[in-house]
file input_1.cif (mmCIF, C-alpha atoms)
data_my_file
loop_
_atom_site.group_PDB
_atom_site.id
_atom_site.type_symbol
_atom_site.label_atom_id
_atom_site.label_comp_id
_atom_site.auth_asym_id
_atom_site.auth_seq_id
_atom_site.Cartn_x
_atom_site.Cartn_y
_atom_site.Cartn_z
ATOM 1 C CA MET A 648 -215.134 62.154 24.534
ATOM 2 C CA ARG A 649 -212.738 62.582 21.590
ATOM 3 C CA VAL A 650 -211.888 58.890 21.715
ATOM 4 C CA GLN A 651 -215.592 57.975 21.548
ATOM 5 C CA ILE A 652 -216.131 60.281 18.556
ATOM 6 C CA ALA A 653 -213.074 58.838 16.814
ATOM 7 C CA LEU A 654 -214.228 55.260 17.429
ATOM 8 C CA CYS A 655 -217.735 56.064 16.172
ATOM 9 C CA SER A 656 -216.271 57.668 13.039
ATOM 10 C CA VAL A 657 -214.162 54.586 12.341
ATOM 11 C CA ALA A 658 -217.158 52.288 12.875
ATOM 12 C CA VAL A 659 -219.314 54.334 10.490
ATOM 13 C CA CYS A 660 -216.569 54.363 7.830
ATOM 14 C CA LEU A 661 -216.067 50.608 8.109
ATOM 15 C CA GLY A 662 -219.804 50.008 7.903
ATOM 16 C CA LEU A 663 -220.216 52.225 4.852
ATOM 17 C CA GLY A 664 -217.140 50.667 3.242
ATOM 18 C CA SER A 665 -218.576 47.157 3.516
ATOM 19 C CA MET A 666 -221.912 48.391 2.143
ATOM 20 C CA VAL A 667 -220.192 49.933 -0.891
ATOM 21 C CA MET A 668 -218.183 46.765 -1.512
ATOM 22 C CA ALA A 669 -221.299 44.595 -1.488
ATOM 23 C CA GLN A 670 -223.273 46.557 -4.093
ATOM 24 C CA ASP A 671 -225.248 44.640 -6.719
ATOM 25 C CA ALA A 672 -224.069 45.497 -10.254
ATOM 26 C CA VAL A 673 -227.620 45.682 -11.622
ATOM 27 C CA LYS A 674 -228.717 48.120 -8.918
ATOM 28 C CA VAL A 675 -225.694 50.438 -9.000
ATOM 29 C CA ASP A 676 -224.985 50.254 -12.749
ATOM 30 C CA PRO A 677 -228.186 49.531 -14.722
ATOM 31 C CA LYS A 678 -226.684 51.261 -17.771
ATOM 32 C CA HIS A 679 -224.279 48.329 -18.248
ATOM 33 C CA TYR A 680 -226.037 45.361 -16.544
ATOM 34 C CA THR A 681 -229.440 43.898 -17.453
ATOM 35 C CA VAL A 682 -231.075 40.825 -15.911
ATOM 36 C CA VAL A 683 -232.023 38.335 -18.635
ATOM 37 C CA SER A 684 -233.255 35.527 -16.371
ATOM 38 C CA GLU A 685 -233.157 34.637 -12.693
ATOM 39 C CA ASN A 686 -234.066 31.694 -10.447
ATOM 40 C CA ASP A 687 -232.895 30.166 -7.151
ATOM 41 C CA HIS A 688 -229.702 28.819 -8.760
ATOM 42 C CA VAL A 689 -228.480 31.467 -11.207
ATOM 43 C CA ARG A 690 -228.959 35.021 -12.350
ATOM 44 C CA ILE A 691 -228.083 35.636 -15.997
ATOM 45 C CA LEU A 692 -226.952 39.134 -16.928
ATOM 46 C CA LYS A 693 -226.400 40.751 -20.308
ATOM 47 C CA VAL A 694 -223.498 43.161 -20.022
ATOM 48 C CA HIS A 695 -222.617 45.924 -22.495
ATOM 49 C CA TYR A 696 -219.935 48.589 -22.184
ATOM 50 C CA GLY A 697 -219.331 51.107 -24.948
ATOM 51 C CA ALA A 698 -215.779 51.942 -25.971
ATOM 52 C CA HIS A 699 -213.813 53.367 -23.026
ATOM 53 C CA GLU A 700 -216.784 53.176 -20.630
ATOM 54 C CA LYS A 701 -216.271 52.532 -16.933
ATOM 55 C CA SER A 702 -218.587 51.064 -14.315
ATOM 56 C CA VAL A 703 -218.779 51.771 -10.591
ATOM 57 C CA ILE A 704 -217.443 49.498 -7.875
ATOM 58 C CA HIS A 705 -219.761 46.531 -7.337
ATOM 59 C CA SER A 706 -219.782 42.865 -6.331
ATOM 60 C CA HIS A 707 -220.676 39.514 -7.888
ATOM 61 C CA PRO A 708 -221.026 36.070 -6.289
ATOM 62 C CA ASN A 709 -219.184 33.163 -7.969
ATOM 63 C CA LEU A 710 -219.790 33.477 -11.692
ATOM 64 C CA ALA A 711 -219.201 32.231 -15.203
ATOM 65 C CA VAL A 712 -218.799 34.648 -18.094
ATOM 66 C CA VAL A 713 -218.866 34.250 -21.882
ATOM 67 C CA PHE A 714 -217.424 37.063 -23.999
ATOM 68 C CA LEU A 715 -219.466 37.784 -27.117
ATOM 69 C CA ASN A 716 -216.748 39.799 -28.839
ATOM 70 C CA ASP A 717 -213.015 40.408 -28.564
ATOM 71 C CA SER A 718 -212.566 42.575 -25.483
ATOM 72 C CA LYS A 719 -209.944 44.279 -23.403
ATOM 73 C CA GLY A 720 -210.253 46.129 -20.167
ATOM 74 C CA THR A 721 -209.064 46.757 -16.651
ATOM 75 C CA PHE A 722 -210.447 45.696 -13.292
ATOM 76 C CA THR A 723 -209.750 47.984 -10.326
ATOM 77 C CA PHE A 724 -210.153 46.340 -6.919
ATOM 78 C CA PRO A 725 -211.088 47.954 -3.570
ATOM 79 C CA ASP A 726 -207.430 47.959 -2.462
ATOM 80 C CA GLY A 727 -206.502 50.034 -5.538
ATOM 81 C CA LYS A 728 -204.767 47.215 -7.408
ATOM 82 C CA LYS A 729 -205.488 46.937 -11.122
ATOM 83 C CA GLN A 730 -205.613 43.935 -13.422
ATOM 84 C CA ASP A 731 -205.698 44.225 -17.216
ATOM 85 C CA PHE A 732 -207.522 41.563 -19.203
ATOM 86 C CA THR A 733 -208.085 40.526 -22.799
ATOM 87 C CA ALA A 734 -210.619 37.995 -24.054
ATOM 88 C CA LYS A 735 -211.540 36.549 -27.428
ATOM 89 C CA ALA A 736 -215.117 36.194 -28.661
ATOM 90 C CA GLY A 737 -216.560 32.923 -27.368
ATOM 91 C CA GLU A 738 -214.069 32.645 -24.501
ATOM 92 C CA ALA A 739 -215.624 31.408 -21.249
ATOM 93 C CA GLN A 740 -214.209 31.850 -17.746
ATOM 94 C CA TYR A 741 -215.103 31.020 -14.144
ATOM 95 C CA GLU A 742 -214.453 33.634 -11.471
ATOM 96 C CA ALA A 743 -214.781 33.384 -7.698
ATOM 97 C CA ALA A 744 -216.880 36.017 -5.921
ATOM 98 C CA VAL A 745 -215.377 39.438 -6.552
ATOM 99 C CA THR A 746 -215.724 43.135 -5.838
ATOM 100 C CA HIS A 747 -214.318 45.306 -8.628
ATOM 101 C CA LEU A 748 -214.687 48.288 -10.922
ATOM 102 C CA PRO A 749 -214.527 47.209 -14.592
ATOM 103 C CA GLU A 750 -213.475 49.476 -17.446
ATOM 104 C CA ASN A 751 -213.573 48.776 -21.170
ATOM 105 C CA THR A 752 -210.198 50.052 -22.398
ATOM 106 C CA GLY A 753 -210.875 48.982 -25.979
ATOM 107 C CA ASP A 754 -211.950 51.114 -28.939
ATOM 108 C CA ASN A 755 -215.037 48.917 -29.524
ATOM 109 C CA GLY A 756 -217.978 47.893 -27.382
ATOM 110 C CA MET A 757 -217.604 44.981 -24.961
ATOM 111 C CA ASP A 758 -220.482 42.493 -24.735
ATOM 112 C CA LEU A 759 -220.758 39.450 -22.515
ATOM 113 C CA ILE A 760 -223.153 37.112 -20.776
ATOM 114 C CA LEU A 761 -222.485 36.785 -17.064
ATOM 115 C CA VAL A 762 -224.023 33.947 -15.038
ATOM 116 C CA GLU A 763 -223.995 34.544 -11.292
ATOM 117 C CA LEU A 764 -224.242 31.361 -9.223
ATOM 118 C CA ASN A 765 -226.635 31.471 -6.268
ATOM 119 C CA GLY A 766 -227.373 29.190 -3.319
ATOM 120 C CA HIS A 767 -226.627 25.497 -3.914
ATOM 121 C CA ALA A 768 -225.116 26.138 -7.374
ATOM 122 C CA ALA A 769 -222.527 28.519 -5.889
ATOM 123 C CA LYS A 770 -221.564 26.079 -3.111
ATOM 124 C CA THR A 771 -221.280 23.170 -5.562
ATOM 125 C CA ALA A 772 -219.090 25.214 -7.909
ATOM 126 C CA LYS A 773 -216.839 26.315 -5.054
ATOM 127 C CA SER A 774 -216.342 22.763 -3.710
ATOM 128 C CA LYS A 775 -215.788 21.417 -7.239
ATOM 129 C CA MET A 776 -213.145 24.093 -7.898
ATOM 130 C CA LYS A 777 -211.385 23.132 -4.639
ATOM 131 C CA SER A 778 -211.370 19.419 -5.515
ATOM 132 C CA GLU A 779 -210.109 20.139 -9.053
ATOM 133 C CA THR A 780 -207.314 22.278 -7.618
ATOM 134 C CA LYS A 781 -206.346 19.480 -5.215
ATOM 135 C CA SER A 782 -206.384 16.939 -8.079
ATOM 136 C CA GLU A 783 -204.212 19.199 -10.245
ATOM 137 C CA THR A 784 -201.771 19.684 -7.365
ATOM 138 C CA LYS A 785 -201.527 15.921 -6.794
ATOM 139 C CA SER A 786 -200.973 15.214 -10.497
ATOM 140 C CA ASP A 787 -198.352 17.986 -10.691
ATOM 141 C CA THR A 788 -196.316 16.315 -7.939
ATOM 142 C CA LYS A 789 -196.256 12.896 -9.664
#
call {"tool": "encode", "arguments": {"input": "input_1.cif", "output": "structure tokens"}}
result
Amino acid sequence: MRVQIALCSVAVCLGLGSMVMAQDAVKVDPKHYTVVSENDHVRILKVHYGAHEKSVIHSHPNLAVVFLNDSKGTFTFPDGKKQDFTAKAGEAQYEAAVTHLPENTGDNGMDLILVELNGHAAKTAKSKMKSETKSETKSDTK
């Protein structure tokens, strides 16, 4: 009986853990994330964090981001690891699907446009990134 209870507890924890890790940023943190436009291929979000504001853990599919001002912050990942980042206004980046907790560690607001790739656009971006990585690897070995 104790073994069954223990196994059920573990199953519930694992199930809740995966639900928490798959949370949509707009749903769990509407203070910081606003949908600007959405279709079958992309969802465009306006993101604003005040100085020293922190989000909650959430997930994004493959994405592109453009920083609208100089920014610095920290991402905390589900395993507890942290990654600091800095970005200049106008800087654009691609990021593979991610689950994280962002924090603006700067003394000024942080504003960005985040484009989440959906469906065919996400698959095309992923395969293109793989082929570019293979091409870079081949050219590095020449």
call {"tool": "atom_distance", "arguments": {"input": "input_1.cif", "atom1": "atom CA of Ile704 of chain A", "atom2": "atom CA of Phe732 of chain A"}}
result
17.0 Å
call {"tool": "resolve_selection", "arguments": {"input": "input_1.cif", "expression": "the PyMOL selection byres ((chain A and resi 691) around 7)", "output": "list in words"}}
result
Val682, Val683, Ser684, Glu685, Val689, Arg690, Leu692, Lys693, Leu761, Val762 and Glu763 of chain A
call {"tool": "closest_residue", "arguments": {"input": "input_1.cif", "among": "A:Asn765, A:Glu750, A:Glu742, A:Lys735", "to": "His679 of chain A", "atoms": "all atoms listed in the file"}}
result
A:Glu750
call {"tool": "residues_near_point", "arguments": {"input": "input_1.cif", "point": "(-218.2, 38.1, -28.2)", "cutoff": "6 Å", "atoms": "all atoms listed in the file", "output": "list in words"}}
result
Phe714, Leu715, Asn716, Asp717, Ala736 and Gly737 of chain A
call {"tool": "atom_distance", "arguments": {"input": "input_1.cif", "atom1": "atom CA of Thr733 of chain A", "atom2": "atom CA of Lys701 of chain A"}}
result
15.7 Å
call {"tool": "resolve_selection", "arguments": {"input": "input_1.cif", "expression": "the PyMOL selection byres ((chain A and resi 678) around 12)", "output": "compact mmCIF listing (two decimals) with C-alpha atoms, in the coordinates of the input"}}
result
# COMPACT_ATOMS: atom_id res chain seq x y z
CA ALA A 672 -224.07 45.50 -10.25
CA VAL A 673 -227.62 45.68 -11.62
CA LYS A 674 -228.72 48.12 -8.92
CA VAL A 675 -225.69 50.44 -9.00
CA ASP A 676 -224.98 50.25 -12.75
CA PRO A 677 -228.19 49.53 -14.72
CA HIS A 679 -224.28 48.33 -18.25
CA TYR A 680 -226.04 45.36 -16.54
CA THR A 681 -229.44 43.90 -17.45
CA VAL A 682 -231.08 40.83 -15.91
CA LYS A 693 -226.40 40.75 -20.31
CA VAL A 694 -223.50 43.16 -20.02
CA HIS A 695 -222.62 45.92 -22.50
CA TYR A 696 -219.94 48.59 -22.18
CA GLY A 697 -219.33 51.11 -24.95
CA GLU A 700 -216.78 53.18 -20.63
CA LYS A 701 -216.27 52.53 -16.93
CA SER A 702 -218.59 51.06 -14.32
CA VAL A 703 -218.78 51.77 -10.59
call {"tool": "closest_residue", "arguments": {"input": "input_1.cif", "among": "A:Leu748, A:Leu764, A:Val712, A:Ala698", "to": "Lys728 of chain A", "atoms": "all atoms listed in the file"}}
result
A:Leu748
call {"tool": "atom_distance", "arguments": {"input": "input_1.cif", "atom1": "atom CA of Asp758 of chain A", "atom2": "atom CA of Phe722 of chain A"}}
result
15.6 Å
call {"tool": "closest_residue", "arguments": {"input": "input_1.cif", "among": "A:Asn686, A:Thr746, A:Thr752, A:Ser706", "to": "Asp726 of chain A", "atoms": "all atoms listed in the file"}}
result
A:Thr746
call {"tool": "axis_aligned_box", "arguments": {"input": "input_1.cif", "around": "segment 691-698 of chain A", "padding_each_side": "3 Å", "output": "AutoDock Vina command-line options"}}
result
--center_x -221.9 --center_y 43.8 --center_z -21.0 --size_x 18.3 --size_y 22.3 --size_z 16.0
call {"tool": "closest_residue", "arguments": {"input": "input_1.cif", "among": "A:Gly720, A:Gly756, A:Gly727, A:Pro708", "to": "Ala744 of chain A", "atoms": "all atoms listed in the file"}}
result
A:Pro708
call {"tool": "closest_residue", "arguments": {"input": "input_1.cif", "among": "A:Gly766, A:Asp671, A:Val713, A:His699", "to": "Glu738 of chain A", "atoms": "all atoms listed in the file"}}
result
A:Val713
call {"tool": "residues_around", "arguments": {"input": "input_1.cif", "residues": "Ala743 of chain A", "least_positions_apart": "2", "cutoff": "7 Å", "atoms": "all atoms listed in the file", "output": "MDAnalysis selection string"}}
result
chainID A and resid 708:710 741 745
call {"tool": "write_last_selection", "arguments": {"input": "input_1.cif", "atoms": "C-alpha atoms", "output": "tab-separated table (two decimals), keeping the file's coordinate frame"}}
result
chain	number	residue	atom	x	y	z
A	708	PRO	CA	-221.03	36.07	-6.29
A	709	ASN	CA	-219.18	33.16	-7.97
A	710	LEU	CA	-219.79	33.48	-11.69
A	741	TYR	CA	-215.10	31.02	-14.14
A	745	VAL	CA	-215.38	39.44	-6.55
call {"tool": "closest_residue", "arguments": {"input": "input_1.cif", "among": "A:Lys729, A:Thr723, A:His688, A:Ser718", "to": "Asn755 of chain A", "atoms": "only C-alpha atoms"}}
result
A:Ser718
call {"tool": "decode", "arguments": {"input": "input_1.cif", "residues": "segment 710-755 of chain A", "atoms": "N, CA and C atoms", "output": "PDB file, in the first residue's frame"}}
result
ATOM      1  N   LEU A 710      11.846  30.949 -31.206  1.00  0.00           N
ATOM      2  CA  LEU A 710      11.489  32.361 -31.259  1.00  0.00           C
ATOM      3  C   LEU A 710      12.614  33.222 -31.798  1.00  0.00           C
ATOM      4  N   ALA A 711      12.231  34.421 -32.199  1.00  0.00           N
ATOM      5  CA  ALA A 711      13.173  35.489 -32.525  1.00  0.00           C
ATOM      6  C   ALA A 711      12.802  36.664 -31.635  1.00  0.00           C
ATOM      7  N   VAL A 712      13.814  37.402 -31.195  1.00  0.00           N
ATOM      8  CA  VAL A 712      13.574  38.532 -30.302  1.00  0.00           C
ATOM      9  C   VAL A 712      14.384  39.731 -30.781  1.00  0.00           C
ATOM     10  N   VAL A 713      13.790  40.916 -30.662  1.00  0.00           N
ATOM     11  CA  VAL A 713      14.484  42.171 -30.965  1.00  0.00           C
ATOM     12  C   VAL A 713      14.381  43.050 -29.720  1.00  0.00           C
ATOM     13  N   PHE A 714      15.541  43.440 -29.192  1.00  0.00           N
ATOM     14  CA  PHE A 714      15.578  44.305 -28.012  1.00  0.00           C
ATOM     15  C   PHE A 714      15.374  45.745 -28.449  1.00  0.00           C
ATOM     16  N   LEU A 715      14.490  46.458 -27.769  1.00  0.00           N
ATOM     17  CA  LEU A 715      14.188  47.836 -28.123  1.00  0.00           C
ATOM     18  C   LEU A 715      15.034  48.839 -27.341  1.00  0.00           C
ATOM     19  N   ASN A 716      15.684  48.378 -26.302  1.00  0.00           N
ATOM     20  CA  ASN A 716      16.599  49.226 -25.540  1.00  0.00           C
ATOM     21  C   ASN A 716      17.733  48.374 -24.972  1.00  0.00           C
ATOM     22  N   ASP A 717      18.783  49.026 -24.507  1.00  0.00           N
ATOM     23  CA  ASP A 717      19.873  48.291 -23.872  1.00  0.00           C
ATOM     24  C   ASP A 717      19.301  47.574 -22.647  1.00  0.00           C
ATOM     25  N   SER A 718      19.632  46.306 -22.510  1.00  0.00           N
ATOM     26  CA  SER A 718      19.017  45.492 -21.458  1.00  0.00           C
ATOM     27  C   SER A 718      20.032  44.562 -20.825  1.00  0.00           C
ATOM     28  N   LYS A 719      19.777  44.232 -19.579  1.00  0.00           N
ATOM     29  CA  LYS A 719      20.549  43.169 -18.935  1.00  0.00           C
ATOM     30  C   LYS A 719      19.635  42.431 -17.974  1.00  0.00           C
ATOM     31  N   GLY A 720      19.896  41.132 -17.873  1.00  0.00           N
ATOM     32  CA  GLY A 720      19.031  40.330 -17.030  1.00  0.00           C
ATOM     33  C   GLY A 720      19.614  38.961 -16.768  1.00  0.00           C
ATOM     34  N   THR A 721      18.789  38.129 -16.182  1.00  0.00           N
ATOM     35  CA  THR A 721      19.174  36.760 -15.845  1.00  0.00           C
ATOM     36  C   THR A 721      18.018  35.836 -16.190  1.00  0.00           C
ATOM     37  N   PHE A 722      18.352  34.711 -16.813  1.00  0.00           N
ATOM     38  CA  PHE A 722      17.390  33.638 -17.022  1.00  0.00           C
ATOM     39  C   PHE A 722      17.673  32.557 -15.993  1.00  0.00           C
ATOM     40  N   THR A 723      16.643  32.070 -15.313  1.00  0.00           N
ATOM     41  CA  THR A 723      16.760  30.918 -14.429  1.00  0.00           C
ATOM     42  C   THR A 723      15.988  29.784 -15.089  1.00  0.00           C
ATOM     43  N   PHE A 724      16.620  28.619 -15.186  1.00  0.00           N
ATOM     44  CA  PHE A 724      16.036  27.475 -15.879  1.00  0.00           C
ATOM     45  C   PHE A 724      15.471  26.482 -14.861  1.00  0.00           C
ATOM     46  N   PRO A 725      14.612  25.565 -15.299  1.00  0.00           N
ATOM     47  CA  PRO A 725      13.968  24.621 -14.370  1.00  0.00           C
ATOM     48  C   PRO A 725      14.941  23.818 -13.513  1.00  0.00           C
ATOM     49  N   ASP A 726      16.160  23.579 -14.027  1.00  0.00           N
ATOM     50  CA  ASP A 726      17.140  22.813 -13.243  1.00  0.00           C
ATOM     51  C   ASP A 726      17.891  23.686 -12.231  1.00  0.00           C
ATOM     52  N   GLY A 727      17.537  24.983 -12.164  1.00  0.00           N
ATOM     53  CA  GLY A 727      18.167  25.885 -11.208  1.00  0.00           C
ATOM     54  C   GLY A 727      19.362  26.654 -11.767  1.00  0.00           C
ATOM     55  N   LYS A 728      19.839  26.267 -12.937  1.00  0.00           N
ATOM     56  CA  LYS A 728      20.964  26.985 -13.537  1.00  0.00           C
ATOM     57  C   LYS A 728      20.523  28.378 -13.950  1.00  0.00           C
ATOM     58  N   LYS A 729      21.489  29.311 -13.906  1.00  0.00           N
ATOM     59  CA  LYS A 729      21.212  30.699 -14.266  1.00  0.00           C
ATOM     60  C   LYS A 729      22.125  31.121 -15.401  1.00  0.00           C
ATOM     61  N   GLN A 730      21.624  32.027 -16.234  1.00  0.00           N
ATOM     62  CA  GLN A 730      22.413  32.565 -17.332  1.00  0.00           C
ATOM     63  C   GLN A 730      22.170  34.066 -17.406  1.00  0.00           C
ATOM     64  N   ASP A 731      23.224  34.856 -17.210  1.00  0.00           N
ATOM     65  CA  ASP A 731      23.126  36.303 -17.342  1.00  0.00           C
ATOM     66  C   ASP A 731      23.166  36.674 -18.814  1.00  0.00           C
ATOM     67  N   PHE A 732      22.518  37.774 -19.173  1.00  0.00           N
ATOM     68  CA  PHE A 732      22.573  38.251 -20.547  1.00  0.00           C
ATOM     69  C   PHE A 732      22.610  39.769 -20.577  1.00  0.00           C
ATOM     70  N   THR A 733      23.189  40.296 -21.645  1.00  0.00           N
ATOM     71  CA  THR A 733      23.142  41.720 -21.949  1.00  0.00           C
ATOM     72  C   THR A 733      22.800  41.837 -23.425  1.00  0.00           C
ATOM     73  N   ALA A 734      22.091  42.890 -23.777  1.00  0.00           N
ATOM     74  CA  ALA A 734      21.722  43.116 -25.179  1.00  0.00           C
ATOM     75  C   ALA A 734      21.687  44.613 -25.436  1.00  0.00           C
ATOM     76  N   LYS A 735      22.059  44.989 -26.625  1.00  0.00           N
ATOM     77  CA  LYS A 735      22.012  46.388 -27.060  1.00  0.00           C
ATOM     78  C   LYS A 735      20.698  46.645 -27.794  1.00  0.00           C
ATOM     79  N   ALA A 736      20.243  47.872 -27.764  1.00  0.00           N
ATOM     80  CA  ALA A 736      19.036  48.256 -28.507  1.00  0.00           C
ATOM     81  C   ALA A 736      19.212  47.902 -29.976  1.00  0.00           C
ATOM     82  N   GLY A 737      18.205  47.256 -30.553  1.00  0.00           N
ATOM     83  CA  GLY A 737      18.250  46.862 -31.955  1.00  0.00           C
ATOM     84  C   GLY A 737      18.839  45.483 -32.186  1.00  0.00           C
ATOM     85  N   GLU A 738      19.413  44.881 -31.175  1.00  0.00           N
ATOM     86  CA  GLU A 738      20.001  43.542 -31.310  1.00  0.00           C
ATOM     87  C   GLU A 738      18.884  42.514 -31.502  1.00  0.00           C
ATOM     88  N   ALA A 739      19.097  41.590 -32.435  1.00  0.00           N
ATOM     89  CA  ALA A 739      18.126  40.535 -32.711  1.00  0.00           C
ATOM     90  C   ALA A 739      18.776  39.182 -32.473  1.00  0.00           C
ATOM     91  N   GLN A 740      18.017  38.243 -31.944  1.00  0.00           N
ATOM     92  CA  GLN A 740      18.533  36.908 -31.640  1.00  0.00           C
ATOM     93  C   GLN A 740      17.476  35.859 -31.962  1.00  0.00           C
ATOM     94  N   TYR A 741      17.957  34.655 -32.300  1.00  0.00           N
ATOM     95  CA  TYR A 741      17.090  33.482 -32.438  1.00  0.00           C
ATOM     96  C   TYR A 741      17.330  32.607 -31.215  1.00  0.00           C
ATOM     97  N   GLU A 742      16.279  31.989 -30.726  1.00  0.00           N
ATOM     98  CA  GLU A 742      16.398  31.097 -29.568  1.00  0.00           C
ATOM     99  C   GLU A 742      15.531  29.871 -29.816  1.00  0.00           C
ATOM    100  N   ALA A 743      16.084  28.700 -29.554  1.00  0.00           N
ATOM    101  CA  ALA A 743      15.293  27.467 -29.639  1.00  0.00           C
ATOM    102  C   ALA A 743      14.275  27.460 -28.502  1.00  0.00           C
ATOM    103  N   ALA A 744      13.269  26.613 -28.623  1.00  0.00           N
ATOM    104  CA  ALA A 744      12.226  26.507 -27.598  1.00  0.00           C
ATOM    105  C   ALA A 744      12.869  26.443 -26.217  1.00  0.00           C
ATOM    106  N   VAL A 745      12.253  27.130 -25.258  1.00  0.00           N
ATOM    107  CA  VAL A 745      12.876  27.264 -23.942  1.00  0.00           C
ATOM    108  C   VAL A 745      11.822  27.389 -22.852  1.00  0.00           C
ATOM    109  N   THR A 746      12.176  26.893 -21.679  1.00  0.00           N
ATOM    110  CA  THR A 746      11.413  27.124 -20.459  1.00  0.00           C
ATOM    111  C   THR A 746      12.349  27.860 -19.514  1.00  0.00           C
ATOM    112  N   HIS A 747      11.911  29.018 -19.010  1.00  0.00           N
ATOM    113  CA  HIS A 747      12.797  29.834 -18.176  1.00  0.00           C
ATOM    114  C   HIS A 747      11.994  30.799 -17.302  1.00  0.00           C
ATOM    115  N   LEU A 748      12.729  31.455 -16.415  1.00  0.00           N
ATOM    116  CA  LEU A 748      12.190  32.525 -15.591  1.00  0.00           C
ATOM    117  C   LEU A 748      13.100  33.729 -15.814  1.00  0.00           C
ATOM    118  N   PRO A 749      12.640  34.737 -16.574  1.00  0.00           N
ATOM    119  CA  PRO A 749      13.465  35.915 -16.831  1.00  0.00           C
ATOM    120  C   PRO A 749      13.374  36.941 -15.694  1.00  0.00           C
ATOM    121  N   GLU A 750      14.472  37.684 -15.528  1.00  0.00           N
ATOM    122  CA  GLU A 750      14.506  38.772 -14.563  1.00  0.00           C
ATOM    123  C   GLU A 750      15.294  39.925 -15.169  1.00  0.00           C
ATOM    124  N   ASN A 751      14.738  41.118 -15.093  1.00  0.00           N
ATOM    125  CA  ASN A 751      15.452  42.316 -15.519  1.00  0.00           C
ATOM    126  C   ASN A 751      16.332  42.741 -14.347  1.00  0.00           C
ATOM    127  N   THR A 752      17.639  42.619 -14.499  1.00  0.00           N
ATOM    128  CA  THR A 752      18.559  42.999 -13.420  1.00  0.00           C
ATOM    129  C   THR A 752      19.069  44.427 -13.595  1.00  0.00           C
ATOM    130  N   GLY A 753      18.588  45.101 -14.626  1.00  0.00           N
ATOM    131  CA  GLY A 753      19.026  46.472 -14.885  1.00  0.00           C
ATOM    132  C   GLY A 753      18.242  47.498 -14.085  1.00  0.00           C
ATOM    133  N   ASP A 754      18.768  48.730 -14.079  1.00  0.00           N
ATOM    134  CA  ASP A 754      18.134  49.840 -13.361  1.00  0.00           C
ATOM    135  C   ASP A 754      17.091  50.564 -14.216  1.00  0.00           C
ATOM    136  N   ASN A 755      16.937  50.153 -15.480  1.00  0.00           N
ATOM    137  CA  ASN A 755      15.955  50.739 -16.384  1.00  0.00           C
ATOM    138  C   ASN A 755      15.010  49.650 -16.875  1.00  0.00           C
TER     139      ASN A 755
END
